[in-house]
$ cat run36.cif   # mmCIF, C-alpha atoms
data_data
#
loop_
_atom_site.label_atom_id
_atom_site.label_comp_id
_atom_site.auth_asym_id
_atom_site.auth_seq_id
_atom_site.Cartn_x
_atom_site.Cartn_y
_atom_site.Cartn_z
CA MET A 1 78.05 -52.04 52.62
CA ALA A 2 74.44 -52.10 53.83
CA MET A 3 71.84 -50.64 51.50
CA HIS A 4 70.90 -47.76 53.82
CA ASP A 5 74.59 -46.83 54.19
CA GLU A 6 74.97 -46.77 50.40
CA ILE A 7 71.91 -44.55 50.04
CA ARG A 8 73.24 -42.19 52.74
CA GLU A 9 76.60 -42.00 50.92
CA GLN A 10 74.91 -41.07 47.65
CA GLN A 11 72.85 -38.39 49.43
CA MET A 12 76.02 -36.85 50.88
CA LYS A 13 77.60 -36.69 47.42
CA LEU A 14 74.61 -34.72 46.13
CA LYS A 15 74.39 -32.35 49.07
CA GLY A 16 74.74 -28.75 47.98
CA ARG A 17 74.69 -29.48 44.26
CA SER A 18 72.40 -27.77 41.75
CA PHE A 19 69.34 -29.49 40.30
CA LYS A 20 71.11 -29.89 36.94
CA GLU A 21 74.11 -31.52 38.61
CA LYS A 22 71.85 -33.82 40.63
CA LEU A 23 69.96 -34.79 37.46
CA GLY A 24 73.22 -35.52 35.62
CA TYR A 25 74.52 -37.58 38.54
CA PHE A 26 71.27 -39.53 38.73
CA TRP A 27 71.44 -40.28 35.00
CA ASP A 28 75.05 -41.45 35.14
CA TYR A 29 74.50 -43.61 38.18
CA TYR A 30 70.99 -44.97 37.57
CA LYS A 31 70.52 -45.01 33.80
CA ILE A 32 70.89 -48.80 33.55
CA HIS A 33 68.45 -49.26 36.42
CA THR A 34 66.06 -46.84 34.71
CA PHE A 35 66.18 -48.74 31.42
CA VAL A 36 65.53 -52.02 33.22
CA VAL A 37 62.55 -50.60 35.10
CA LEU A 38 61.11 -49.04 31.94
CA LEU A 39 61.51 -52.31 30.06
CA ILE A 40 59.74 -54.21 32.82
CA LEU A 41 56.91 -51.64 32.85
CA ILE A 42 56.53 -51.88 29.08
CA VAL A 43 56.44 -55.70 29.10
CA VAL A 44 54.02 -55.87 32.03
CA GLY A 45 51.87 -53.11 30.56
CA SER A 46 51.73 -54.87 27.20
CA PHE A 47 50.74 -58.13 28.89
CA ILE A 48 47.98 -56.42 30.87
CA TRP A 49 46.76 -54.65 27.73
CA ASP A 50 46.59 -57.91 25.79
CA ILE A 51 44.56 -59.55 28.55
CA ALA A 52 42.23 -56.56 28.83
CA THR A 53 41.63 -56.20 25.08
CA THR A 54 41.58 -59.84 23.92
CA LYS A 55 38.06 -60.79 22.96
CA GLU A 56 36.51 -64.14 23.73
CA GLU A 57 35.99 -66.10 20.53
CA ALA A 58 32.41 -66.55 19.36
CA PHE A 59 33.01 -68.07 15.93
CA SER A 60 35.82 -68.88 13.52
CA ALA A 61 35.67 -70.19 9.96
CA THR A 62 38.17 -70.77 7.17
CA LEU A 63 37.05 -70.66 3.54
CA LEU A 64 39.89 -72.19 1.54
CA ASN A 65 40.47 -70.87 -1.98
CA ALA A 66 37.57 -68.42 -1.73
CA TYR A 67 39.64 -65.44 -2.88
CA GLY A 68 37.21 -63.21 -1.02
CA GLY A 69 39.57 -60.86 0.77
CA GLU A 70 37.88 -57.68 -0.46
CA GLY A 71 34.55 -58.60 1.08
CA GLN A 72 35.83 -60.29 4.23
CA GLU A 73 35.14 -57.45 6.68
CA SER A 74 31.55 -56.95 5.54
CA PHE A 75 31.12 -60.74 5.48
CA GLN A 76 32.16 -60.93 9.14
CA ALA A 77 30.06 -57.95 10.17
CA ASP A 78 26.92 -59.19 8.42
CA PHE A 79 27.17 -62.68 9.88
CA ALA A 80 27.89 -61.32 13.36
CA GLU A 81 24.70 -59.27 13.14
CA TYR A 82 22.76 -62.28 11.82
CA ALA A 83 24.01 -64.51 14.65
CA GLY A 84 23.60 -61.85 17.33
CA ILE A 85 27.31 -61.70 18.15
CA ASP A 86 28.40 -58.60 20.09
CA THR A 87 31.66 -57.81 18.30
CA ASP A 88 32.64 -55.32 21.02
CA ALA A 89 33.00 -58.23 23.41
CA TYR A 90 33.47 -61.26 21.14
CA SER A 91 35.42 -62.06 18.01
CA CYS A 92 33.79 -63.32 14.81
CA TYR A 93 36.46 -64.30 12.30
CA ILE A 94 35.92 -65.55 8.76
CA ASP A 95 39.11 -66.19 6.80
CA ALA A 96 38.31 -65.83 3.11
CA THR A 97 41.89 -65.31 1.96
CA SER A 98 43.78 -68.57 2.64
CA THR A 99 44.67 -70.70 -0.37
CA PHE A 100 45.55 -74.38 -0.38
CA SER A 101 46.31 -76.94 -3.07
CA HIS A 102 45.57 -80.48 -1.93
CA LYS A 103 48.72 -81.62 -3.73
CA MET A 104 50.73 -79.30 -1.42
CA THR A 105 53.28 -78.35 -4.05
CA SER A 106 54.58 -75.30 -2.19
CA GLU A 107 55.66 -74.22 1.27
CA VAL A 108 52.61 -71.94 1.42
CA ASP A 109 50.30 -74.92 0.86
CA LEU A 110 52.02 -76.89 3.60
CA ALA A 111 51.92 -73.93 6.01
CA VAL A 112 48.20 -73.30 5.41
CA PHE A 113 47.42 -77.00 5.84
CA GLN A 114 49.40 -77.28 9.07
CA ARG A 115 47.90 -74.07 10.48
CA THR A 116 44.36 -75.18 9.62
CA ILE A 117 44.82 -78.61 11.17
CA ALA A 118 46.45 -77.13 14.28
CA MET A 119 43.59 -74.65 14.76
CA ALA A 120 41.04 -77.43 14.31
CA GLN A 121 42.76 -79.76 16.75
CA THR A 122 42.98 -77.08 19.44
CA GLY A 123 39.36 -75.95 19.20
CA GLY A 124 40.19 -72.67 17.45
CA LEU A 125 38.12 -73.39 14.36
CA ASP A 126 34.43 -74.19 13.95
CA VAL A 127 33.93 -74.51 10.20
CA ILE A 128 36.02 -75.27 7.14
CA ALA A 129 34.75 -74.76 3.62
CA GLY A 130 36.67 -75.30 0.44
CA ASP A 131 36.52 -76.39 -3.15
CA LEU A 132 36.16 -80.13 -3.70
CA MET A 133 39.68 -81.57 -3.66
CA PRO A 134 41.15 -79.48 -0.81
CA PHE A 135 38.05 -80.24 1.27
CA THR A 136 38.41 -83.92 0.39
CA HIS A 137 42.05 -83.90 1.45
CA ILE A 138 41.14 -82.51 4.88
CA ALA A 139 38.16 -84.85 5.17
CA GLY A 140 40.64 -87.70 4.89
CA THR A 141 42.12 -86.73 8.25
CA GLY A 142 38.81 -87.44 9.99
CA MET A 143 38.45 -83.77 10.88
CA PHE A 144 34.73 -83.35 10.17
CA LEU A 145 31.69 -84.33 12.21
CA ASP A 146 29.11 -86.79 10.92
CA LEU A 147 26.13 -84.65 9.91
CA LYS A 148 23.78 -87.21 11.45
CA ASP A 149 25.17 -86.10 14.81
CA VAL A 150 24.90 -82.38 14.03
CA LEU A 151 21.69 -81.65 12.15
CA THR A 152 18.13 -81.89 13.36
CA GLU A 153 15.73 -84.15 11.43
CA GLU A 154 14.34 -81.10 9.65
CA GLU A 155 17.80 -79.78 8.78
CA TYR A 156 18.93 -83.23 7.65
CA ALA A 157 16.01 -83.54 5.24
CA ARG A 158 16.63 -80.03 3.93
CA TYR A 159 20.34 -80.46 3.23
CA GLU A 160 20.50 -84.16 2.30
CA PRO A 161 20.31 -83.48 -1.47
CA TYR A 162 23.53 -81.47 -1.11
CA PHE A 163 25.48 -83.92 1.09
CA TYR A 164 29.13 -84.73 0.54
CA TYR A 165 30.11 -88.26 1.65
CA ILE A 166 33.33 -90.01 2.58
CA ASP A 167 33.79 -93.75 2.91
CA GLY A 168 34.20 -94.66 6.57
CA ALA A 169 35.85 -97.92 5.51
CA LEU A 170 38.84 -95.92 4.28
CA LEU A 171 39.04 -94.00 7.55
CA GLU A 172 39.07 -97.29 9.45
CA ASP A 173 41.80 -98.76 7.23
CA ASP A 174 45.06 -97.94 8.99
CA SER A 175 47.36 -99.69 6.52
CA GLU A 176 50.37 -97.77 5.21
CA GLU A 177 49.09 -98.11 1.66
CA THR A 178 45.90 -96.24 2.54
CA TYR A 179 47.38 -93.29 4.43
CA GLU A 180 49.44 -90.50 2.97
CA ALA A 181 52.43 -88.83 4.59
CA ASP A 182 50.30 -86.03 6.09
CA GLY A 183 47.94 -88.48 7.79
CA SER A 184 45.00 -88.13 5.41
CA ALA A 185 43.42 -91.28 4.07
CA GLY A 186 43.59 -91.89 0.34
CA PHE A 187 40.54 -89.90 -0.70
CA ASP A 188 42.30 -87.80 -3.32
CA ASP A 189 41.18 -89.97 -6.23
CA GLU A 190 39.34 -87.48 -8.44
CA ASN A 191 37.20 -90.30 -9.84
CA ILE A 192 35.43 -90.81 -6.50
CA ASP A 193 31.87 -89.47 -6.58
CA HIS A 194 31.38 -87.93 -3.15
CA THR A 195 27.72 -87.24 -3.88
CA ASN A 196 26.92 -90.96 -4.33
CA PRO A 197 26.76 -92.88 -1.03
CA SER A 198 25.75 -96.10 -2.81
CA SER A 199 29.25 -96.34 -4.26
CA MET A 200 30.82 -96.53 -0.77
CA GLU A 201 31.08 -99.33 1.76
CA LYS A 202 30.35 -97.09 4.77
CA PRO A 203 29.15 -93.69 3.53
CA ILE A 204 29.34 -90.87 6.09
CA PRO A 205 27.90 -87.42 5.31
CA VAL A 206 30.47 -84.87 6.50
CA GLY A 207 29.94 -81.94 4.16
CA ILE A 208 27.30 -79.85 2.44
CA PHE A 209 27.73 -78.41 -1.05
CA LEU A 210 26.93 -74.69 -0.95
CA THR A 211 25.16 -74.72 -4.27
CA ASP A 212 24.18 -71.30 -5.66
CA SER A 213 24.87 -69.51 -2.39
CA GLU A 214 23.80 -65.90 -2.86
CA LYS A 215 25.80 -64.87 0.21
CA LEU A 216 29.05 -66.24 -1.19
CA GLN A 217 28.40 -64.40 -4.43
CA LYS A 218 27.65 -61.21 -2.51
CA TYR A 219 31.03 -61.35 -0.76
CA SER A 220 32.85 -62.42 -3.96
CA CYS A 221 33.81 -65.83 -2.61
CA TYR A 222 34.49 -68.65 -5.07
CA THR A 223 33.59 -66.38 -7.98
CA ILE A 224 37.06 -66.66 -9.53
CA SER A 225 37.28 -70.46 -9.59
CA GLY A 226 33.59 -70.95 -10.26
CA GLU A 227 33.67 -74.14 -8.15
CA THR A 228 30.95 -75.09 -5.70
CA PRO A 229 32.49 -75.18 -2.21
CA VAL A 230 31.75 -77.77 0.47
CA LEU A 231 31.24 -76.90 4.14
CA GLY A 232 31.97 -79.13 7.12
CA PHE A 233 31.79 -78.82 10.91
CA ILE A 234 35.01 -79.37 12.86
CA PHE A 235 34.97 -82.20 15.42
CA SER A 236 36.39 -79.91 18.13
CA SER A 237 34.09 -76.95 17.49
CA ALA A 238 33.28 -75.04 20.67
CA HIS A 239 30.49 -73.10 18.98
CA LEU A 240 28.50 -75.68 17.06
CA ASP A 241 25.19 -73.82 17.32
CA THR A 242 26.79 -70.73 15.79
CA ALA A 243 28.44 -72.90 13.14
CA LYS A 244 24.99 -74.16 12.16
CA GLN A 245 23.78 -70.57 12.01
CA PHE A 246 26.63 -69.93 9.59
CA LEU A 247 25.34 -72.73 7.36
CA HIS A 248 21.83 -71.25 7.47
CA PHE A 249 23.22 -67.79 6.72
CA LEU A 250 25.03 -69.05 3.63
CA THR A 251 22.11 -71.05 2.28
CA GLU A 252 19.30 -68.57 2.83
CA PRO A 253 18.39 -66.03 0.12
#

$ encode --input "run36.cif" --output "structure tokens"
Amino acid sequence: MAMHDEIREQQMKLKGRSFKEKLGYFWDYYKIHTFVVLLILIVVGSFIWDIATTKEEAFSATLLNAYGGEGQESFQADFAEYAGIDTDAYSCYIDATSTFSHKMTSEVDLAVFQRTIAMAQTGGLDVIAGDLMPFTHIAGTGMFLDLKDVLTEEEYARYEPYFYYIDGALLEDDSEETYEADGSAGFDDENIDHTNPSSMEKPIPVGIFLTDSEKLQKYSCYTISGETPVLGFIFSSAHLDTAKQFLHFLTEP
């Protein structure tokens, strides 16, 4: 039966019936169609809403083992103001809640590590900071930029006393004995002095110790562990200038 003939037949069935009867007939005959249409409208509407409300990313940082969840919102707001980020149009995200043990003894550790690496590899992360051994574990994957390629001469001179180094010779050694199962080079020896470049064959500065950072204390980051965190710039950072502003923010009084 042609569509217009079917429509005409349905109209004849409803002829002379009351509004209530017509409404009941419509519901019985078209309820499945109605549900399908509503579902499509909801899905399409949700998709349009997500596109309309998703903010372009201006900056993203992860502070591993900071235990600073209580101050995270004010941390983000204060840095956004410092960096001139319009948070109505752009996102400024600082994760101060993620925890990670470099020994990865739990599923949570593995999940945090994989998420962090995935974000870094896809350009969704600009900065990682963490206490010494977790930072070292990630540094072994070659994730951080050489500070010689990031900092100006003035900045280099200012931060050099606080540099964290890795040995490039280990990164270049692709033997199975050197690399661990997760792809990080064997930097997890706690006897390595990452502040002493003279002890390394090819020292590369990839991190900065955030010594006595008043900002971290203000936002209750790293106050529980009492460790001095190290900050590094991700190789795929799309907002390197803002990442450097973040370093300045954390190291200024």

$ closest_residue --input "run36.cif" --among "A:Ile128, A:Ile192, A:Val230, A:Ala243" --to "Cys92 of chain A" --atoms "all atoms listed in the file"
A:Ala243

$ atom_distance --input "run36.cif" --atom1 "atom CA of Lys55 of chain A" --atom2 "atom CA of Tyr90 of chain A"
5.0 Å

$ atom_distance --input "run36.cif" --atom1 "atom CA of Asp86 of chain A" --atom2 "atom CA of Ala238 of chain A"
17.2 Å

$ resolve_selection --input "run36.cif" --expression "the PyMOL selection byres ((chain A and resi 234) around 8)" --output "mmCIF file with C-alpha atoms, in the coordinates of the input"
data_model
loop_
_atom_site.group_PDB
_atom_site.id
_atom_site.type_symbol
_atom_site.label_atom_id
_atom_site.label_comp_id
_atom_site.auth_asym_id
_atom_site.auth_seq_id
_atom_site.Cartn_x
_atom_site.Cartn_y
_atom_site.Cartn_z
ATOM 1 C CA ALA A 120 41.040 -77.430 14.310
ATOM 2 C CA LEU A 125 38.120 -73.390 14.360
ATOM 3 C CA ASP A 126 34.430 -74.190 13.950
ATOM 4 C CA VAL A 127 33.930 -74.510 10.200
ATOM 5 C CA ILE A 128 36.020 -75.270 7.140
ATOM 6 C CA MET A 143 38.450 -83.770 10.880
ATOM 7 C CA PHE A 144 34.730 -83.350 10.170
ATOM 8 C CA LEU A 145 31.690 -84.330 12.210
ATOM 9 C CA GLY A 232 31.970 -79.130 7.120
ATOM 10 C CA PHE A 233 31.790 -78.820 10.910
ATOM 11 C CA PHE A 235 34.970 -82.200 15.420
ATOM 12 C CA SER A 236 36.390 -79.910 18.130
ATOM 13 C CA SER A 237 34.090 -76.950 17.490
#

$ atom_distance --input "run36.cif" --atom1 "atom CA of Val108 of chain A" --atom2 "atom CA of Ser220 of chain A"
22.6 Å

$ closest_residue --input "run36.cif" --among "A:Met119, A:Ala169, A:Leu110, A:Leu151" --to "Gln245 of chain A" --atoms "only C-alpha atoms"
A:Leu151
